[in-house]
Amino acid sequence: MPPQEDQINLLQHSASISADHDVESGFRPTNPSSNVNNNNTQYQEETNATGRLREYFEQSSHPIAALFFLLFRVGALLTYLLGSIFTDNFTLVFVITILLLAFDFWTVKNISGRLLVGLRWWNEIQPDGSNKWVFESASPSRINNPADSKLFWWMLYGTPALWAVFALSCIFTLKFSWLIIVGVALALNMANVYGYSQCDKDAKKKWATGMATRSALGSLGSGASGLVGKAFTSGIGKVFSSR
């Protein structure tokens, strides 16, 4: 074989080796199909999450109330977590987060709980200065939407748990200015947690008392009807026997 052909074959062979494997660095090019599979998996997960969210709002009996319930609650968390990425102005992040927390507190206390689970609470100050907790619940005959109830209770108890984690993080990292935001968030969230927990217990107590009262009245009514029937039958029997 001529030397020129040997050189051409050698160059082609070395080019094929460098394309498949870098001998010195030990680097192997990634398989394009694996990247495609990863992208497809990520896309499917995002699609499934969007589908579940859309399915919930289709099942919800009060989608507008649920939307604002999530909007204010998640918005406060995201503003606290990501606000410093978009701006170095701590005061701006502080004000926006506190406003979202205040909106969330009022909405959950007066609207979300009443529509999603049929409960509402408020606090009255008595003339002597003491506080009185007032609990209101829907009729026991009302059947709550399971999707709405699950969303409400999970978010009600889950959000303060996240804020508690943020509080520990602020303490360990000595970020006491951010701890003020977390303190306000915990105070407002725990007020709703306590209010709705007590309101739920009060509603169940009223329901159990109502069931016991109706059962007792039913038994009393049936017993009275039996006594009246027996007395009437006995009276008729005596009348005819005297004749």
# chains A, B, ... in the order shown; residues from 1 in each chain; ligands from 1
$ residues_around --residues "range 166-169 of chain A" --least-positions-apart "3" --cutoff "12 Å" --atoms "only C-alpha atoms" --output "list in words"
Leu77, Tyr80, Leu81, Thr159, Pro160, Ala161, Leu162, Trp163, Phe172, Thr173, Leu174, Lys175, Phe176, Ser177, Trp178, Leu179, Ile180, Ile181, Val182, Gly183, Val184, Ala185, Leu186 and Ala187 of chain A
$ residues_around --residues "range 57-74 of chain A" --least-positions-apart "4" --cutoff "9 Å" --atoms "only C-alpha atoms" --output "mmCIF file with N, CA, C and O atoms, in the first residue's frame"
data_model
loop_
_atom_site.group_PDB
_atom_site.id
_atom_site.type_symbol
_atom_site.label_atom_id
_atom_site.label_comp_id
_atom_site.auth_asym_id
_atom_site.auth_seq_id
_atom_site.Cartn_x
_atom_site.Cartn_y
_atom_site.Cartn_z
ATOM 1 N N ARG A 52 -52.984 17.903 37.783
ATOM 2 C CA ARG A 52 -53.581 17.719 39.110
ATOM 3 C C ARG A 52 -54.170 19.022 39.630
ATOM 4 O O ARG A 52 -55.242 19.022 40.249
ATOM 5 N N LEU A 53 -53.457 20.124 39.395
ATOM 6 C CA LEU A 53 -53.981 21.420 39.840
ATOM 7 C C LEU A 53 -55.269 21.770 39.098
ATOM 8 O O LEU A 53 -56.243 22.243 39.704
ATOM 9 N N LEU A 78 -43.228 32.686 48.888
ATOM 10 C CA LEU A 78 -42.327 32.920 47.758
ATOM 11 C C LEU A 78 -41.660 34.289 47.850
ATOM 12 O O LEU A 78 -40.480 34.429 47.490
ATOM 13 N N THR A 79 -42.401 35.282 48.308
ATOM 14 C CA THR A 79 -41.802 36.617 48.454
ATOM 15 C C THR A 79 -40.698 36.592 49.500
ATOM 16 O O THR A 79 -39.635 37.205 49.312
ATOM 17 N N LEU A 100 -49.053 40.568 52.255
ATOM 18 C CA LEU A 100 -49.603 39.278 51.832
ATOM 19 C C LEU A 100 -50.038 38.444 53.031
ATOM 20 O O LEU A 100 -51.072 37.759 52.977
ATOM 21 N N LEU A 101 -49.283 38.496 54.110
ATOM 22 C CA LEU A 101 -49.662 37.769 55.323
ATOM 23 C C LEU A 101 -50.958 38.319 55.918
ATOM 24 O O LEU A 101 -51.808 37.558 56.397
ATOM 25 N N ALA A 102 -51.105 39.648 55.895
ATOM 26 C CA ALA A 102 -52.330 40.260 56.426
ATOM 27 C C ALA A 102 -53.535 39.897 55.568
ATOM 28 O O ALA A 102 -54.613 39.561 56.093
ATOM 29 N N PHE A 103 -53.363 39.943 54.237
ATOM 30 C CA PHE A 103 -54.453 39.545 53.341
ATOM 31 C C PHE A 103 -54.827 38.086 53.564
ATOM 32 O O PHE A 103 -56.011 37.722 53.571
ATOM 33 N N ASP A 104 -53.811 37.247 53.731
ATOM 34 C CA ASP A 104 -54.062 35.823 53.949
ATOM 35 C C ASP A 104 -54.810 35.600 55.255
ATOM 36 O O ASP A 104 -55.774 34.813 55.301
ATOM 37 N N PHE A 105 -54.408 36.284 56.317
ATOM 38 C CA PHE A 105 -55.069 36.113 57.611
ATOM 39 C C PHE A 105 -56.545 36.488 57.521
ATOM 40 O O PHE A 105 -57.421 35.737 57.963
ATOM 41 N N THR A 107 -58.466 36.762 54.818
ATOM 42 C CA THR A 107 -59.204 35.920 53.873
ATOM 43 C C THR A 107 -59.514 34.561 54.472
ATOM 44 O O THR A 107 -60.639 34.058 54.359
ATOM 45 N N VAL A 108 -58.514 33.954 55.112
ATOM 46 C CA VAL A 108 -58.735 32.631 55.710
ATOM 47 C C VAL A 108 -59.752 32.718 56.844
ATOM 48 O O VAL A 108 -60.635 31.860 56.965
ATOM 49 N N ILE A 111 -63.400 34.218 54.943
ATOM 50 C CA ILE A 111 -63.961 33.733 53.680
ATOM 51 C C ILE A 111 -63.612 32.273 53.412
ATOM 52 O O ILE A 111 -64.501 31.438 53.223
ATOM 53 N N SER A 112 -62.310 31.963 53.392
ATOM 54 C CA SER A 112 -61.884 30.611 52.985
ATOM 55 C C SER A 112 -62.468 29.537 53.878
ATOM 56 O O SER A 112 -63.004 28.531 53.393
ATOM 57 N N LEU A 115 -66.339 29.081 53.348
ATOM 58 C CA LEU A 115 -66.758 28.490 52.086
ATOM 59 C C LEU A 115 -66.210 27.078 51.888
ATOM 60 O O LEU A 115 -66.913 26.206 51.368
ATOM 61 N N LEU A 116 -64.961 26.847 52.285
ATOM 62 C CA LEU A 116 -64.336 25.560 51.992
ATOM 63 C C LEU A 116 -64.711 24.468 52.982
ATOM 64 O O LEU A 116 -64.869 23.307 52.595
ATOM 65 N N ASN A 144 -69.371 18.796 53.039
ATOM 66 C CA ASN A 144 -68.243 19.543 52.495
ATOM 67 C C ASN A 144 -67.601 18.803 51.332
ATOM 68 O O ASN A 144 -67.563 17.559 51.311
ATOM 69 N N ASN A 145 -67.095 19.568 50.396
ATOM 70 C CA ASN A 145 -66.370 18.999 49.273
ATOM 71 C C ASN A 145 -65.061 18.391 49.780
ATOM 72 O O ASN A 145 -64.270 19.082 50.417
ATOM 73 N N PRO A 146 -64.799 17.096 49.522
ATOM 74 C CA PRO A 146 -63.562 16.473 50.043
ATOM 75 C C PRO A 146 -62.290 17.168 49.547
ATOM 76 O O PRO A 146 -61.317 17.288 50.299
ATOM 77 N N ALA A 147 -62.292 17.612 48.294
ATOM 78 C CA ALA A 147 -61.108 18.284 47.756
ATOM 79 C C ALA A 147 -60.862 19.612 48.465
ATOM 80 O O ALA A 147 -59.722 19.948 48.806
ATOM 81 N N ASP A 148 -61.923 20.374 48.714
ATOM 82 C CA ASP A 148 -61.778 21.646 49.416
ATOM 83 C C ASP A 148 -61.318 21.437 50.857
ATOM 84 O O ASP A 148 -60.455 22.175 51.362
ATOM 85 N N LEU A 151 -57.557 20.424 50.920
ATOM 86 C CA LEU A 151 -56.691 21.582 50.649
ATOM 87 C C LEU A 151 -56.631 22.511 51.850
ATOM 88 O O LEU A 151 -55.537 22.954 52.250
ATOM 89 N N PHE A 152 -57.787 22.805 52.429
ATOM 90 C CA PHE A 152 -57.829 23.772 53.532
ATOM 91 C C PHE A 152 -57.029 23.287 54.727
ATOM 92 O O PHE A 152 -56.178 24.017 55.245
ATOM 93 N N MET A 155 -53.107 22.955 54.060
ATOM 94 C CA MET A 155 -52.453 24.259 53.979
ATOM 95 C C MET A 155 -52.493 24.974 55.324
ATOM 96 O O MET A 155 -51.548 25.682 55.689
ATOM 97 N N THR A 159 -48.482 25.297 56.415
ATOM 98 C CA THR A 159 -47.807 26.582 56.259
ATOM 99 C C THR A 159 -47.076 27.024 57.528
ATOM 100 O O THR A 159 -45.914 27.438 57.456
#
$ select_by_dssp --residues "range 17-186 of chain A" --states "strand (DSSP E)" --output "NGL selection string"
:A and (119-125 or 131-137)
$ atom_distance --atom1 "CA of Cys170 in chain A" --atom2 "CA of Tyr157 in chain A"
20.8 Å
$ residues_around --residues "Val93 in chain A" --least-positions-apart "3" --cutoff "8 Å" --atoms "only C-alpha atoms" --output "CSV table (one decimal) with N, CA, C and O atoms, in the first residue's frame"
chain,number,residue,atom,x,y,z
A,79,THR,N,-42.4,35.3,48.3
A,79,THR,CA,-41.8,36.6,48.5
A,79,THR,C,-40.7,36.6,49.5
A,79,THR,O,-39.6,37.2,49.3
A,80,TYR,N,-40.9,35.9,50.6
A,80,TYR,CA,-39.9,35.8,51.6
A,80,TYR,C,-38.7,35.0,51.1
A,80,TYR,O,-37.5,35.4,51.4
A,83,GLY,N,-37.6,37.0,47.3
A,83,GLY,CA,-37.5,38.5,47.2
A,83,GLY,C,-36.2,39.0,47.1
A,83,GLY,O,-35.9,40.0,46.4
A,84,SER,N,-35.2,38.5,47.9
A,84,SER,CA,-33.9,39.0,47.9
A,84,SER,C,-33.1,38.7,46.7
A,84,SER,O,-32.1,39.3,46.4
A,89,ASN,N,-33.4,45.5,48.3
A,89,ASN,CA,-34.2,46.4,49.2
A,89,ASN,C,-35.0,45.6,50.2
A,89,ASN,O,-36.0,45.0,49.9
A,90,PHE,N,-34.4,45.4,51.4
A,90,PHE,CA,-35.1,44.6,52.4
A,90,PHE,C,-36.4,45.2,52.8
A,90,PHE,O,-37.4,44.4,53.1
A,96,ILE,N,-44.0,43.9,51.4
A,96,ILE,CA,-44.9,43.1,50.5
A,96,ILE,C,-45.2,41.8,51.2
A,96,ILE,O,-46.4,41.3,51.2
A,97,THR,N,-44.3,41.2,51.9
A,97,THR,CA,-44.6,39.9,52.7
A,97,THR,C,-45.6,40.2,53.8
A,97,THR,O,-46.5,39.4,54.0
$ atom_distance --atom1 "CA of Pro140 in chain A" --atom2 "CA of Cys199 in chain A"
13.6 Å
$ select_by_dssp --residues "range 34-149 of chain A" --states "alpha helix (DSSP H)" --output "PyMOL selection string"
chain A and resi 34-59+63-86+90-107+113-116+146-149
$ residues_around --residues "Glu136 in chain A" --least-positions-apart "2" --cutoff "8 Å" --atoms "only C-alpha atoms" --output "short mmCIF file (atom, residue, chain, number, x, y, z; two decimals) with all heavy atoms, in the first residue's frame"
data_model
loop_
_atom_site.label_atom_id
_atom_site.label_comp_id
_atom_site.auth_asym_id
_atom_site.auth_seq_id
_atom_site.Cartn_x
_atom_site.Cartn_y
_atom_site.Cartn_z
N LEU A 119 -66.81 26.67 58.35
CA LEU A 119 -66.47 27.10 59.70
C LEU A 119 -66.04 28.57 59.67
O LEU A 119 -65.51 29.06 58.68
CB LEU A 119 -65.32 26.26 60.27
CG LEU A 119 -65.56 24.75 60.40
CD1 LEU A 119 -64.27 24.06 60.84
CD2 LEU A 119 -66.69 24.44 61.36
N ARG A 120 -66.27 29.24 60.81
CA ARG A 120 -65.81 30.63 60.94
C ARG A 120 -65.65 30.95 62.42
O ARG A 120 -66.41 30.45 63.25
CB ARG A 120 -66.81 31.60 60.30
CG ARG A 120 -66.28 33.02 60.17
CD ARG A 120 -67.12 33.80 59.15
NE ARG A 120 -68.43 34.12 59.66
CZ ARG A 120 -68.75 35.30 60.20
NH1 ARG A 120 -67.83 36.25 60.29
NH2 ARG A 120 -69.97 35.53 60.62
N TRP A 121 -64.67 31.76 62.74
CA TRP A 121 -64.44 32.15 64.13
C TRP A 121 -64.13 33.64 64.18
O TRP A 121 -63.70 34.24 63.22
CB TRP A 121 -63.27 31.35 64.72
CG TRP A 121 -61.94 31.67 64.12
CD1 TRP A 121 -61.35 31.08 63.04
CD2 TRP A 121 -61.03 32.68 64.56
NE1 TRP A 121 -60.14 31.65 62.77
CE2 TRP A 121 -59.91 32.64 63.70
CE3 TRP A 121 -61.05 33.62 65.59
CZ2 TRP A 121 -58.83 33.50 63.84
CZ3 TRP A 121 -59.96 34.49 65.73
CH2 TRP A 121 -58.88 34.41 64.86
N VAL A 134 -65.76 33.21 69.61
CA VAL A 134 -67.07 32.85 69.06
C VAL A 134 -66.84 31.94 67.85
O VAL A 134 -66.05 32.26 66.96
CB VAL A 134 -67.87 34.10 68.63
CG1 VAL A 134 -69.25 33.69 68.12
CG2 VAL A 134 -67.98 35.07 69.79
N ALA A 138 -71.48 25.53 59.89
CA ALA A 138 -72.62 25.31 59.00
C ALA A 138 -73.51 24.20 59.55
O ALA A 138 -73.16 23.50 60.52
CB ALA A 138 -72.13 24.95 57.60
N CYS A 199 -62.86 25.74 66.58
CA CYS A 199 -64.14 25.82 65.89
C CYS A 199 -64.58 24.45 65.39
O CYS A 199 -65.76 24.09 65.47
CB CYS A 199 -64.03 26.80 64.72
SG CYS A 199 -65.60 27.22 63.95
N ALA A 203 -67.90 22.47 66.54
CA ALA A 203 -68.90 21.99 65.58
C ALA A 203 -69.20 20.51 65.79
O ALA A 203 -70.36 20.09 65.74
CB ALA A 203 -68.40 22.24 64.16
#
